[in-house]
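To start, the structure itself, in C-alpha cells.
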Amino acid sequence: MTTTPEATEVAAALDDSFHVFDTTLRDGAQREGINLTVADKLTIARHLDDFGVGFIEGGWPGANPRDTEFFARARAEISFKNAKLVAFGATRRAGGSAAEDPQVRALLASGAPVITLVAKSHDRHVELALRTTLDENLEMVRDTVSHLVAEGRRVFVDCEHFFDGYRANPEYAKSVVRTAHEAGADVVILCDTNGGMLPAQVTAVVATVLADTGARLGIHAQDDTGCAVANTLAAVDAGATHVQCTANGYGERVGNANLFPVVAALEIKYGRRVLPEGALAEMTRISHAIAEVVNLTPSTHQPYVGVSAFAHKAGLHASAIKVDPDLYQHIDPERVGNTMRMLVSDMAGRASIELKGKELGVDLGGDRALVSRVVERVKERELQGYTYEAADASFELLLRAEVEGRARKYFRTESWRAIVEDRPDGTHANEATVKLWAKGERIVATAEGNGPVNALDRALRVALERFYPQLAKFELVDYKVRILEGKHGTESTTRVLISTTDGSRDWSTVGVAPNVIAASWQALEDAFTYGLLRAGVEPPE
C-alpha cells in the first residue's frame, strides 16, 4: 500500500510531537460568572474531545467533591476518542514524602492517565507562599514527579509564575525546569501566571530556557496584556511544543489564551496539523456550544468563530468582495465552520445590497435602478434611526417590498392601545387592545401581560392565531431598547430591536418611533410578518 504525502503529514502531525492541551474545566472555570456543575463539565469534555484536543484537564481531584465526582463519572460515562483526561494538583507538602501525601494520593485515585503538577518557580513565592527553602522546593518537585512516574502516570509540570521568577532569579527558575525534566516530567510548562508578558519577551525566554535545560517546553499564557494568543504563538516560534488554552479564552481576571484562534493559527497559518481531519470546520459550532453550556453569550467579535468575524459593512469592501471574497478576508470562513455576512447600513453601496440580496435569497436581477432605490431607502431609514445590520428580517421585508412592488401584509392594523395601571398596593397591571383586519375580517382582541409590550404581543396572538396557527411557535427571545441622539430625555427617539424564534431559527426586527411602545409595535409587526413569510404562508390578496 502506497502512503500519500498528505497521509504522512497527518500521521506525523497527530503523533505526540505537539500537544493541544485544554484547561477550560479547571482554569477556564475560574472566570467570574462561570459556575460549572458536574453535568456541565461532562458536556464540555465531550465537546472538546469531539473537537480533537489532545488533553483535557478536568480539575483538581481531592480539592473539592465536584472535581472528584467528575473524574469518577468521566471514566464511567465518556469513551474519549481523541483526548486524554488530565488531573491537576500540586507537588507534595514541604517536609513530607510524595508517597504519603494525601493530595498526591487523590491524584492517583482519580484514575487519570496524565497528571499536571503545579510547582513554584519564583524564589519569592517559594519563601513567602510555601514558607520553605529553595532547595526543599526542588526536592518537592523531584519527589512528586518521580513518584507519579513510578506509579505509571505521565506527568506534566506547570511552573507557576515562571516568567516573573525568571526575571527575578533566572538560574533558580531554570533549576526548577531542569529538576522536573530530570525527574521524568514529559513536558515542563512555562506559565505567565500574571499575564504581563509581551511576545518578544516570551520568545527570548523560551529559547534560552530550551537551550539551557534540554527540557521539552510548553506555554500557559494569561491575557492581562491582551497578548495571550500572541504569546502562545511566540513560544511555539521559540520551540515550545505544548500549548495550554481554554475555550473562548475563559479564565481568571481577563482570561487565558483562547483555544480557537491558537488552533486556527497553528493549522492555517503555520501549516501544522494538530486536529483530526475535518475537525477545524467544527470550530465555530464547538465554540458556541460551550458558550451555551457556561451560560455566556458567545462573543460576536471573537476571531474566527464570532458571528462578526467575516461580516462586511463598508460599500468599498463589498465591491471588492463581489469580485473576489479573498480581497477582504484572510481565510475562507467555511474552513472554521463560519460564514460570510453582508451588513446593510447607510454605508452600503450597490454591491453591498446585491450581495445581501443573494445571501437572503432575493433575486435582484441585475436591476441597477432597483438596487439604487434600495440603497437610498436604507440610507433614508437609517437617518431616521433604523439599523439593518442587526435586523436582517426587517431588511429582507424592505427589500422584498421594493422587488415585488408592494409590502407583504398578513394583517392591517386599525389601532392599538396599551394601558399601564399603577395600583395603590404597589402592583401593576398591563393591558393591551388591538384592532386589526385579517382575511377580510375585523378583529378586536385584548390581553394582559408582564409589561405593555408583552401585553401587545399577547393581544396580537389572540387576534391572529385563528387565522395563522403558525404564530403559536413564535417566541420573543430578546428585546433591546436604545435612546437615539438628537433630543433629550423623554423627548428622545427610541429604537427597539426584537429577536424572535420559531424553535429552529431566530430572526431580528427593528422599530423606531418617538416612544418605546410604538417602536416595539413596529418591531412586533415585522417579526410576525417575517415569521409567516419564512413559514411559507401566502399573504391574502
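Following the order of the C-alpha cells, chains are lettered A, B, ..., residues in each are numbered from 1, and ligands are numbered from 1.
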
Write out as a PyMOL selection string the residues lying within 10 Å of Leu497 (chain A), counting only C-alpha atoms and excluding same-chain residues fewer than 5 positions away.
chain A and resi 386-388+390-391+478-482+508-512+519-520+522-524

(Q) Please identify the strand (DSSP E) residues within region 139-212 of chain A (assignment by DSSP from backbone atoms) and present them as a PyMOL selection string. (A) chain A and resi 154-160+187-192

In terms of only C-alpha atoms, the residue from A:Ile498, A:Ile44, A:Val53, A:Ala87 at minimal distance from Leu476 (chain A) is A:Ile498

Practice item. May I have the residues within 12 Å of region 197-212 of chain A as a VMD selection string, using only C-alpha atoms and disregarding those fewer than 5 positions away in the same chain? Key: chain A and resid 161 to 167 170 to 178 181 187 to 192 217 to 241

Mind writing the picked residues with C-alpha atoms as an mmCIF file, in the first residue's frame?
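Output file part13.cif is given in full below:
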data_model
loop_
_atom_site.group_PDB
_atom_site.id
_atom_site.type_symbol
_atom_site.label_atom_id
_atom_site.label_comp_id
_atom_site.auth_asym_id
_atom_site.auth_seq_id
_atom_site.Cartn_x
_atom_site.Cartn_y
_atom_site.Cartn_z
ATOM 1 C CA HIS A 161 4.866 32.499 37.809
ATOM 2 C CA PHE A 162 7.781 31.299 35.678
ATOM 3 C CA PHE A 163 8.383 34.485 33.689
ATOM 4 C CA ASP A 164 8.288 36.729 36.754
ATOM 5 C CA GLY A 165 10.516 34.253 38.557
ATOM 6 C CA TYR A 166 12.913 34.159 35.628
ATOM 7 C CA ARG A 167 13.160 37.937 35.697
ATOM 8 C CA PRO A 170 16.814 33.205 36.171
ATOM 9 C CA GLU A 171 19.137 30.494 37.454
ATOM 10 C CA TYR A 172 16.690 29.298 40.081
ATOM 11 C CA ALA A 173 13.746 29.361 37.662
ATOM 12 C CA LYS A 174 15.750 27.229 35.234
ATOM 13 C CA SER A 175 16.749 24.860 38.026
ATOM 14 C CA VAL A 176 13.066 24.080 38.655
ATOM 15 C CA VAL A 177 12.612 23.249 34.959
ATOM 16 C CA ARG A 178 15.746 21.115 34.959
ATOM 17 C CA HIS A 181 12.737 17.236 33.483
ATOM 18 C CA VAL A 187 6.749 18.451 29.477
ATOM 19 C CA VAL A 188 7.592 21.469 31.632
ATOM 20 C CA ILE A 189 5.189 24.341 31.041
ATOM 21 C CA LEU A 190 6.331 27.938 31.464
ATOM 22 C CA CYS A 191 3.405 29.864 32.948
ATOM 23 C CA ASP A 192 2.815 33.578 32.536
ATOM 24 C CA LEU A 217 8.676 23.033 26.985
ATOM 25 C CA GLY A 218 5.081 24.186 26.913
ATOM 26 C CA ILE A 219 3.390 27.568 27.371
ATOM 27 C CA HIS A 220 0.494 28.712 29.541
ATOM 28 C CA ALA A 221 -0.385 32.365 28.934
ATOM 29 C CA GLN A 222 -2.884 34.598 30.704
ATOM 30 C CA ASP A 223 -4.356 37.521 28.762
ATOM 31 C CA ASP A 224 -3.811 40.506 31.067
ATOM 32 C CA THR A 225 -1.894 42.410 28.366
ATOM 33 C CA GLY A 226 -4.229 41.212 25.621
ATOM 34 C CA CYS A 227 -1.355 39.130 24.245
ATOM 35 C CA ALA A 228 -2.144 35.579 25.417
ATOM 36 C CA VAL A 229 -2.679 34.179 21.916
ATOM 37 C CA ALA A 230 0.324 36.089 20.530
ATOM 38 C CA ASN A 231 2.478 34.989 23.483
ATOM 39 C CA THR A 232 1.445 31.377 22.937
ATOM 40 C CA LEU A 233 2.437 31.510 19.280
ATOM 41 C CA ALA A 234 5.659 33.334 20.183
ATOM 42 C CA ALA A 235 6.545 30.440 22.477
ATOM 43 C CA VAL A 236 5.867 27.996 19.627
ATOM 44 C CA ASP A 237 8.176 30.053 17.415
ATOM 45 C CA ALA A 238 10.877 29.646 20.064
ATOM 46 C CA GLY A 239 10.461 25.867 20.270
ATOM 47 C CA ALA A 240 7.578 25.124 22.651
ATOM 48 C CA THR A 241 5.622 22.040 21.538
#

- Task: Name all residues at most 12 Å from Ser146 (chain A) (count only C-alpha atoms; drop same-chain ones fewer than 6 positions away) and give them as a ChimeraX atom specification.
- Result: /A:91-92,97-99,104,117,139-140,152-157,179-186

Practice problem: Determine which residues of region 334-440 of chain A DSSP labels as alpha helix (DSSP H) from the backbone of this structure, then write them out as JSON, numbers by chain. | Solution: {"A": [350, 351, 352, 353, 354, 355, 356, 357, 358, 359, 360, 368, 369, 370, 371, 372, 373, 374, 375, 376, 377, 378, 379, 380, 381, 382, 383, 384, 392, 393, 394, 395, 396, 397, 398, 399, 400, 401, 402, 403, 404]}
